[in-house]
$ cat model36.cif   # mmCIF, C-alpha atoms
data_final
loop_
_atom_site.label_atom_id
_atom_site.label_comp_id
_atom_site.auth_asym_id
_atom_site.auth_seq_id
_atom_site.Cartn_x
_atom_site.Cartn_y
_atom_site.Cartn_z
CA MET I 575 -91.06 -139.61 171.71
CA GLY I 576 -92.96 -137.32 174.02
CA ALA I 577 -93.01 -135.76 177.48
CA LYS I 578 -91.33 -138.73 179.21
CA GLU I 579 -88.35 -138.69 176.88
CA ILE I 580 -88.03 -134.90 177.21
CA GLU I 581 -88.05 -135.22 181.02
CA ASN I 582 -85.36 -137.93 180.91
CA PHE I 583 -83.17 -135.92 178.56
CA LEU I 584 -83.38 -132.65 180.51
CA THR I 585 -82.83 -134.42 183.83
CA HIS I 586 -79.82 -136.22 182.31
CA LEU I 587 -78.38 -132.82 181.33
CA ALA I 588 -78.57 -131.67 184.95
CA VAL I 589 -77.63 -134.83 186.84
CA VAL I 590 -75.10 -136.52 184.56
CA GLY I 591 -74.04 -133.70 182.27
CA LYS I 592 -73.82 -131.12 185.09
CA ALA I 593 -75.17 -128.55 182.64
CA ALA I 594 -75.63 -124.94 183.71
CA VAL I 595 -79.12 -123.61 184.37
CA SER I 596 -79.00 -121.52 181.19
CA THR I 597 -78.00 -124.56 179.10
CA GLN I 598 -80.87 -126.62 180.48
CA ASN I 599 -83.35 -123.79 179.92
CA GLN I 600 -82.17 -123.35 176.34
CA ALA I 601 -82.62 -127.07 175.67
CA LEU I 602 -86.13 -126.97 177.19
CA ASN I 603 -87.15 -123.96 175.10
CA ALA I 604 -85.78 -125.55 171.93
CA LEU I 605 -87.70 -128.78 172.53
CA VAL I 606 -90.95 -126.96 173.39
CA PHE I 607 -90.59 -124.91 170.19
CA LEU I 608 -89.93 -128.07 168.15
CA TYR I 609 -92.99 -129.88 169.46
CA ARG I 610 -95.36 -126.90 169.43
CA GLU I 611 -94.36 -125.08 166.25
CA VAL I 612 -92.96 -127.87 164.06
CA LEU I 613 -94.68 -131.07 165.18
CA GLY I 614 -97.90 -129.38 166.30
CA GLN I 615 -97.98 -131.14 169.68
CA GLU I 616 -98.31 -129.73 173.18
CA VAL I 617 -95.68 -131.05 175.55
CA GLY I 618 -97.75 -130.55 178.71
CA LYS I 619 -96.46 -130.38 182.26
CA LEU I 620 -92.96 -131.74 182.75
CA ASN I 621 -91.41 -133.16 185.91
CA ILE I 622 -87.74 -132.25 185.60
CA GLU I 623 -84.81 -132.24 188.00
CA TRP I 624 -83.32 -128.80 187.53
CA SER I 625 -79.70 -127.73 187.60
CA GLU I 626 -78.70 -125.74 190.65
CA ARG I 627 -77.92 -122.10 190.03
CA PRO I 628 -74.55 -121.32 191.64
CA VAL I 629 -74.33 -118.36 193.99
CA ARG I 630 -71.50 -116.17 192.76
CA LEU I 631 -70.24 -112.85 194.03
CA PRO I 632 -69.93 -110.11 191.40
CA VAL I 633 -66.48 -109.23 190.06
CA VAL I 634 -65.52 -105.77 191.31
CA LEU I 635 -62.63 -103.55 190.26
CA THR I 636 -60.84 -101.26 192.68
CA LYS I 637 -60.94 -97.54 191.95
CA GLU I 638 -57.35 -97.72 190.77
CA GLU I 639 -58.14 -100.62 188.43
CA VAL I 640 -61.09 -98.70 186.96
CA LYS I 641 -58.75 -95.77 186.28
CA ARG I 642 -56.24 -98.08 184.57
CA VAL I 643 -58.93 -99.51 182.29
CA PHE I 644 -60.25 -96.02 181.48
CA ASP I 645 -56.73 -94.88 180.57
CA CYS I 646 -56.81 -97.49 177.79
CA LEU I 647 -60.12 -96.23 176.37
CA GLU I 648 -60.76 -93.10 174.34
CA GLY I 649 -63.46 -91.19 172.49
CA THR I 650 -66.96 -92.62 172.46
CA ARG I 651 -65.82 -95.85 174.10
CA TRP I 652 -64.48 -93.92 177.09
CA ILE I 653 -67.70 -91.92 177.42
CA MET I 654 -69.84 -95.06 177.30
CA ALA I 655 -67.71 -96.85 179.89
CA ALA I 656 -67.79 -93.70 182.04
CA MET I 657 -71.60 -93.78 181.90
CA LEU I 658 -71.64 -97.42 183.04
CA TYR I 659 -69.37 -96.73 185.99
CA GLY I 660 -70.38 -93.15 186.77
CA SER I 661 -74.15 -93.74 186.59
CA GLY I 662 -74.43 -97.47 187.31
CA LEU I 663 -76.05 -98.21 183.95
CA ARG I 664 -76.43 -101.60 182.34
CA LEU I 665 -74.88 -101.81 178.87
CA MET I 666 -78.18 -101.78 176.96
CA GLU I 667 -79.56 -98.99 179.16
CA CYS I 668 -76.58 -96.90 178.08
CA LEU I 669 -76.96 -97.74 174.39
CA ARG I 670 -80.70 -96.98 174.42
CA LEU I 671 -80.31 -93.53 175.97
CA ARG I 672 -81.99 -90.73 174.03
CA VAL I 673 -80.68 -87.17 173.97
CA LYS I 674 -83.70 -85.99 175.98
CA ASP I 675 -82.82 -88.44 178.78
CA LEU I 676 -79.74 -86.42 179.76
CA ASP I 677 -80.25 -83.51 182.17
CA PHE I 678 -77.00 -81.57 182.44
CA GLU I 679 -78.44 -78.85 184.70
CA TYR I 680 -79.68 -81.24 187.38
CA GLY I 681 -76.84 -83.68 186.72
CA GLN I 682 -79.07 -86.69 186.23
CA VAL I 683 -79.93 -89.41 183.72
CA VAL I 684 -83.42 -90.78 183.11
CA VAL I 685 -83.29 -94.51 182.41
CA ARG I 686 -86.37 -95.53 180.41
CA ASP I 687 -87.71 -99.07 180.40
CA GLY I 688 -84.91 -100.56 182.43
CA LYS I 689 -84.95 -104.13 183.67
CA GLY I 690 -88.54 -104.97 184.59
CA ASN I 691 -89.81 -102.16 182.32
CA LYS I 692 -89.13 -99.62 185.05
CA ASP I 693 -88.01 -95.99 184.70
CA ARG I 694 -85.53 -94.56 187.19
CA LEU I 695 -83.27 -91.59 187.85
CA THR I 696 -79.54 -91.85 188.43
CA MET I 697 -76.72 -89.33 188.61
CA LEU I 698 -74.73 -87.89 185.71
CA ALA I 699 -71.10 -87.70 186.80
CA SER I 700 -69.63 -84.19 186.57
CA SER I 701 -66.42 -85.46 184.97
CA VAL I 702 -68.33 -86.86 181.98
CA LYS I 703 -70.49 -83.79 181.30
CA GLU I 704 -68.11 -81.85 179.06
CA PRO I 705 -66.96 -84.87 177.00
CA LEU I 706 -70.61 -85.85 176.63
CA LYS I 707 -71.60 -82.36 175.45
CA GLY I 708 -68.82 -82.44 172.85
CA HIS I 709 -70.00 -85.88 171.74
CA LEU I 710 -73.59 -84.66 171.36
CA GLU I 711 -72.41 -81.81 169.12
CA LYS I 712 -71.01 -84.44 166.74
CA VAL I 713 -74.24 -86.46 167.00
CA LYS I 714 -76.21 -83.31 166.09
CA ILE I 715 -74.08 -82.78 162.98
CA LEU I 716 -74.59 -86.43 162.01
CA HIS I 717 -78.35 -86.10 162.50
CA ASP I 718 -78.51 -82.89 160.45
CA ASN I 719 -76.66 -84.62 157.63
CA ASP I 720 -79.14 -87.51 157.78
CA LEU I 721 -82.05 -85.06 157.57
CA GLY I 722 -80.40 -83.35 154.61
CA THR I 723 -80.25 -86.63 152.70
CA GLY I 724 -83.88 -87.54 153.39
CA PHE I 725 -83.36 -89.75 156.42
CA GLY I 726 -82.94 -88.82 160.10
CA SER I 727 -85.79 -90.83 161.64
CA VAL I 728 -85.32 -93.04 164.70
CA TYR I 729 -87.28 -95.92 166.17
CA LEU I 730 -89.93 -94.83 168.68
CA PRO I 731 -91.38 -97.31 171.23
CA TYR I 732 -95.01 -97.98 172.16
CA ALA I 733 -96.58 -96.64 168.95
CA LEU I 734 -95.33 -93.11 169.74
CA GLU I 735 -94.63 -92.76 166.04
CA ARG I 736 -98.39 -92.64 165.41
CA LYS I 737 -99.10 -90.37 168.37
CA TYR I 738 -96.26 -87.94 167.61
CA PRO I 739 -95.56 -88.33 163.86
CA ASN I 740 -92.82 -85.67 163.82
CA ALA I 741 -90.95 -86.83 166.92
CA GLN I 742 -88.99 -89.52 165.09
CA LYS I 743 -86.93 -86.84 163.33
CA GLU I 744 -86.45 -84.54 166.32
CA PHE I 745 -82.94 -84.41 167.76
CA ALA I 746 -84.23 -84.93 171.31
CA TRP I 747 -85.38 -88.45 170.41
CA GLN I 748 -82.14 -89.51 168.73
CA TYR I 749 -79.86 -92.04 170.39
CA VAL I 750 -76.98 -90.61 172.39
CA PHE I 751 -74.71 -93.28 170.91
CA PRO I 752 -75.89 -93.74 167.30
CA ALA I 753 -74.55 -96.36 164.92
CA SER I 754 -72.00 -95.28 162.35
CA LYS I 755 -74.19 -96.46 159.46
CA LEU I 756 -77.85 -96.36 158.51
CA SER I 757 -79.69 -99.66 158.50
CA VAL I 758 -83.04 -101.10 157.46
CA ASP I 759 -85.48 -101.66 160.32
CA PRO I 760 -86.43 -105.37 159.95
CA MET I 761 -89.98 -104.71 161.19
CA SER I 762 -90.99 -101.54 159.32
CA LYS I 763 -88.39 -101.75 156.49
CA VAL I 764 -87.65 -98.06 157.11
CA VAL I 765 -84.04 -96.93 156.74
CA ARG I 766 -82.98 -95.53 160.12
CA ARG I 767 -79.95 -94.91 162.30
CA HIS I 768 -80.09 -97.30 165.24
CA HIS I 769 -77.90 -97.18 168.34
CA LEU I 770 -74.42 -98.69 168.47
CA ASP I 771 -74.18 -102.45 168.70
CA GLU I 772 -73.29 -103.70 172.18
CA THR I 773 -70.25 -105.56 170.87
CA VAL I 774 -68.53 -102.23 170.11
CA LEU I 775 -67.99 -101.47 173.80
CA GLN I 776 -67.62 -105.11 174.82
CA LYS I 777 -64.65 -105.53 172.48
CA ALA I 778 -63.13 -102.21 173.52
CA VAL I 779 -63.35 -103.09 177.23
CA LYS I 780 -61.88 -106.54 176.63
CA GLN I 781 -58.91 -105.03 174.78
CA ALA I 782 -58.44 -102.34 177.43
CA VAL I 783 -58.43 -104.89 180.26
CA ALA I 784 -55.87 -107.00 178.38
CA LYS I 785 -53.58 -103.96 178.09
CA THR I 786 -53.74 -103.29 181.82
CA GLY I 787 -52.78 -106.83 182.74
CA ILE I 788 -55.71 -107.12 185.16
CA LEU I 789 -56.47 -110.83 185.57
CA LYS I 790 -60.03 -110.50 186.86
CA HIS I 791 -62.87 -111.61 184.58
CA VAL I 792 -63.97 -108.10 183.59
CA GLY I 793 -66.86 -107.18 181.31
CA CYS I 794 -69.04 -104.13 180.79
CA HIS I 795 -71.32 -105.14 183.69
CA THR I 796 -68.30 -105.08 186.01
CA PHE I 797 -68.45 -101.27 185.94
CA ARG I 798 -72.00 -101.36 187.34
CA HIS I 799 -70.89 -103.75 190.10
CA SER I 800 -67.97 -101.45 190.88
CA PHE I 801 -70.27 -98.40 190.92
CA ALA I 802 -72.45 -99.97 193.62
CA THR I 803 -69.56 -101.31 195.69
CA HIS I 804 -67.64 -98.04 195.66
CA LEU I 805 -70.73 -96.07 196.73
CA LEU I 806 -71.15 -98.41 199.70
CA GLU I 807 -67.44 -98.08 200.47
CA ASP I 808 -67.99 -94.32 200.58
CA SER I 809 -70.72 -94.89 203.22
CA TYR I 810 -73.74 -94.09 201.06
CA ASP I 811 -77.02 -95.55 202.32
CA ILE I 812 -77.90 -98.91 200.79
CA ARG I 813 -81.44 -97.69 200.00
CA THR I 814 -79.98 -94.86 197.94
CA VAL I 815 -77.78 -97.33 196.05
CA GLN I 816 -80.81 -99.57 195.53
CA GLU I 817 -82.74 -96.71 193.89
CA LEU I 818 -79.82 -95.72 191.68
CA LEU I 819 -79.41 -99.30 190.48
CA GLY I 820 -83.15 -99.79 189.98
CA HIS I 821 -83.41 -102.91 192.16
CA SER I 822 -86.98 -103.66 193.22
CA ASP I 823 -85.79 -105.48 196.34
CA VAL I 824 -82.99 -104.34 198.65
CA SER I 825 -81.89 -107.98 199.02
CA THR I 826 -80.54 -107.77 195.47
CA THR I 827 -78.42 -104.77 196.44
CA MET I 828 -77.22 -106.58 199.58
CA ILE I 829 -74.91 -108.75 197.44
CA TYR I 830 -72.53 -105.78 197.33
CA THR I 831 -72.31 -105.67 201.12
CA HIS I 832 -71.15 -109.29 200.96
CA VAL I 833 -68.39 -108.20 198.59
CA LEU I 834 -67.35 -105.53 201.09
CA ASN I 835 -67.26 -108.00 203.97
CA LYS I 836 -65.22 -110.69 202.24
CA GLY I 837 -61.50 -111.27 202.57
CA GLY I 838 -59.29 -108.84 204.43
CA ARG I 839 -61.74 -105.95 204.42
CA ALA I 840 -63.61 -106.97 207.56
CA VAL I 841 -61.62 -109.88 209.05
CA ARG I 842 -57.98 -109.90 210.05
CA SER I 843 -56.11 -113.04 209.00
CA PRO I 844 -54.72 -115.17 211.85
CA LEU I 845 -51.40 -115.19 209.95
CA ASP I 846 -51.11 -111.48 210.63
CA ARG I 847 -51.62 -112.05 214.36
CA MET I 848 -48.56 -114.27 214.79
#
$ encode --input "model36.cif" --output "structure tokens"
Amino acid sequence: MGAKEIENFLTHLAVVGKAAVSTQNQALNALVFLYREVLGQEVGKLNIEWSERPVRLPVVLTKEEVKRVFDCLEGTRWIMAAMLYGSGLRLMECLRLRVKDLDFEYGQVVVRDGKGNKDRLTMLASSVKEPLKGHLEKVKILHDNDLGTGFGSVYLPYALERKYPNAQKEFAWQYVFPASKLSVDPMSKVVRRHHLDETVLQKAVKQAVAKTGILKHVGCHTFRHSFATHLLEDSYDIRTVQELLGHSDVSTTMIYTHVLNKGGRAVRSPLDRM
């Protein structure tokens, strides 16, 4: 079997199986890997009928719903969720924050290597500053203990470890949300303290939402959607929101104006006119 059979199979997934775009892409990547890496054959150009990507509006919580979810979180989980909602961070952007990326004086957060490998500035909410400072004091104690036992190094990107050999053990470069245990770096085999796993907050948010009884499909990314929507509700300029979110095109940010204009927010139901 070759390219023709691959085309037929992937088209069948879309047309008959009604598979999602991600499912079809995963099948394509798996088959290309099989042929190229295992069978040693190049697949070549394929003529495939692709699944249609559905246009979905983001799930957004009201300010009251955000407060209810936050009331069911505590400690580090609350701080992380507050960073997602208060600064509009993606989950991995939050987890990859370094201590030096927080500027308490100017009230801002530097997001390094965000989506598209772009850096950006966003705000640091005043209400999270004191809890975050208290959290960093505990992180400093943890780091000092690691140094005392011969560890304390952290992963540095872009070969910075060679350029600044001492930076890996400096507190400024440590993760804001470090893992509870040391682990072996699979690439360098060095024992280090990585950042928290993303499932830690994902599970906490899921449990918190279940306690509130909110029936919306809420995940960590919902806080970022809510951040953008609530800023627009408060009449902030869409260009400002675009910069805070790190969108390269304002059309991406425009999706949140559609959320604002749906339902009873902009149109009065004819039932209410009777």
$ residues_around --input "model36.cif" --residues "I:Leu789" --least-positions-apart "2" --cutoff "12 Å" --atoms "all atoms listed in the file" --output "PyMOL selection string"
chain I and resi 633-635+639+780+782-787+791-793
$ atom_distance --input "model36.cif" --atom1 "atom CA of I:Leu806" --atom2 "atom CA of I:Thr650"
28.2 Å
$ resolve_selection --input "model36.cif" --expression "the PyMOL selection byres ((chain I and resi 652) around 12)" --output "MDAnalysis selection string"
chainID I and resid 640:651 653:660 701:702 705:706 709 751 774:776 778:779 782 794
$ closest_residue --input "model36.cif" --among "I:Ile715, I:Val750, I:Leu663, I:Leu770" --to "I:Thr796" --atoms "only C-alpha atoms"
I:Leu663
$ closest_residue --input "model36.cif" --among "I:Ala577, I:Ser596, I:Leu608, I:Asp677" --to "I:Ile622" --atoms "all atoms listed in the file"
I:Ala577
$ closest_residue --input "model36.cif" --among "I:Lys737, I:Lys743, I:His769, I:Arg694" --to "I:Glu817" --atoms "all atoms listed in the file"
I:Arg694
$ resolve_selection --input "model36.cif" --expression "the PyMOL selection byres ((chain I and resi 598) around 8)" --output "PDB file with C-alpha atoms, keeping the file's coordinate frame"
ATOM      1  CA  LEU I 584     -83.380-132.650 180.510  1.00  0.00           C
ATOM      2  CA  LEU I 587     -78.380-132.820 181.330  1.00  0.00           C
ATOM      3  CA  ALA I 588     -78.570-131.670 184.950  1.00  0.00           C
ATOM      4  CA  ALA I 593     -75.170-128.550 182.640  1.00  0.00           C
ATOM      5  CA  ALA I 594     -75.630-124.940 183.710  1.00  0.00           C
ATOM      6  CA  VAL I 595     -79.120-123.610 184.370  1.00  0.00           C
ATOM      7  CA  SER I 596     -79.000-121.520 181.190  1.00  0.00           C
ATOM      8  CA  THR I 597     -78.000-124.560 179.100  1.00  0.00           C
ATOM      9  CA  ASN I 599     -83.350-123.790 179.920  1.00  0.00           C
ATOM     10  CA  GLN I 600     -82.170-123.350 176.340  1.00  0.00           C
ATOM     11  CA  ALA I 601     -82.620-127.070 175.670  1.00  0.00           C
ATOM     12  CA  LEU I 602     -86.130-126.970 177.190  1.00  0.00           C
ATOM     13  CA  TRP I 624     -83.320-128.800 187.530  1.00  0.00           C
ATOM     14  CA  SER I 625     -79.700-127.730 187.600  1.00  0.00           C
TER      15      SER I 625
END
$ residues_near_point --input "model36.cif" --point "(-80.2, -96.7, 166.6)" --cutoff "12 Å" --atoms "only C-alpha atoms" --output "compact mmCIF listing (two decimals) with C-alpha atoms, keeping the file's coordinate frame"
# COMPACT_ATOMS: atom_id res chain seq x y z
CA MET I 666 -78.18 -101.78 176.96
CA LEU I 669 -76.96 -97.74 174.39
CA ARG I 670 -80.70 -96.98 174.42
CA LEU I 671 -80.31 -93.53 175.97
CA ARG I 672 -81.99 -90.73 174.03
CA VAL I 713 -74.24 -86.46 167.00
CA HIS I 717 -78.35 -86.10 162.50
CA GLY I 726 -82.94 -88.82 160.10
CA SER I 727 -85.79 -90.83 161.64
CA VAL I 728 -85.32 -93.04 164.70
CA TYR I 729 -87.28 -95.92 166.17
CA LEU I 730 -89.93 -94.83 168.68
CA GLN I 742 -88.99 -89.52 165.09
CA TRP I 747 -85.38 -88.45 170.41
CA GLN I 748 -82.14 -89.51 168.73
CA TYR I 749 -79.86 -92.04 170.39
CA VAL I 750 -76.98 -90.61 172.39
CA PHE I 751 -74.71 -93.28 170.91
CA PRO I 752 -75.89 -93.74 167.30
CA ALA I 753 -74.55 -96.36 164.92
CA SER I 754 -72.00 -95.28 162.35
CA LYS I 755 -74.19 -96.46 159.46
CA LEU I 756 -77.85 -96.36 158.51
CA SER I 757 -79.69 -99.66 158.50
CA VAL I 758 -83.04 -101.10 157.46
CA ASP I 759 -85.48 -101.66 160.32
CA VAL I 765 -84.04 -96.93 156.74
CA ARG I 766 -82.98 -95.53 160.12
CA ARG I 767 -79.95 -94.91 162.30
CA HIS I 768 -80.09 -97.30 165.24
CA HIS I 769 -77.90 -97.18 168.34
CA LEU I 770 -74.42 -98.69 168.47
CA ASP I 771 -74.18 -102.45 168.70
CA GLU I 772 -73.29 -103.70 172.18
$ residues_near_point --input "model36.cif" --point "(-69.1, -107.0, 195.0)" --cutoff "6 Å" --atoms "all atoms listed in the file" --output "list in words"
Pro632, Val634, Thr803, Tyr830 and Val833 of chain I
$ atom_distance --input "model36.cif" --atom1 "atom CA of I:Thr831" --atom2 "atom CA of I:Ile812"
8.8 Å
$ closest_residue --input "model36.cif" --among "I:Val683, I:Val815, I:Leu710, I:Ile580" --to "I:Met697" --atoms "all atoms listed in the file"
I:Val683
$ residues_around --input "model36.cif" --residues "I:Glu581" --least-positions-apart "2" --cutoff "9 Å" --atoms "only C-alpha atoms" --output "list in words"
Gly576, Ala577, Lys578, Glu579, Phe583, Leu584, Thr585, His586, Leu620, Asn621, Ile622 and Glu623 of chain I
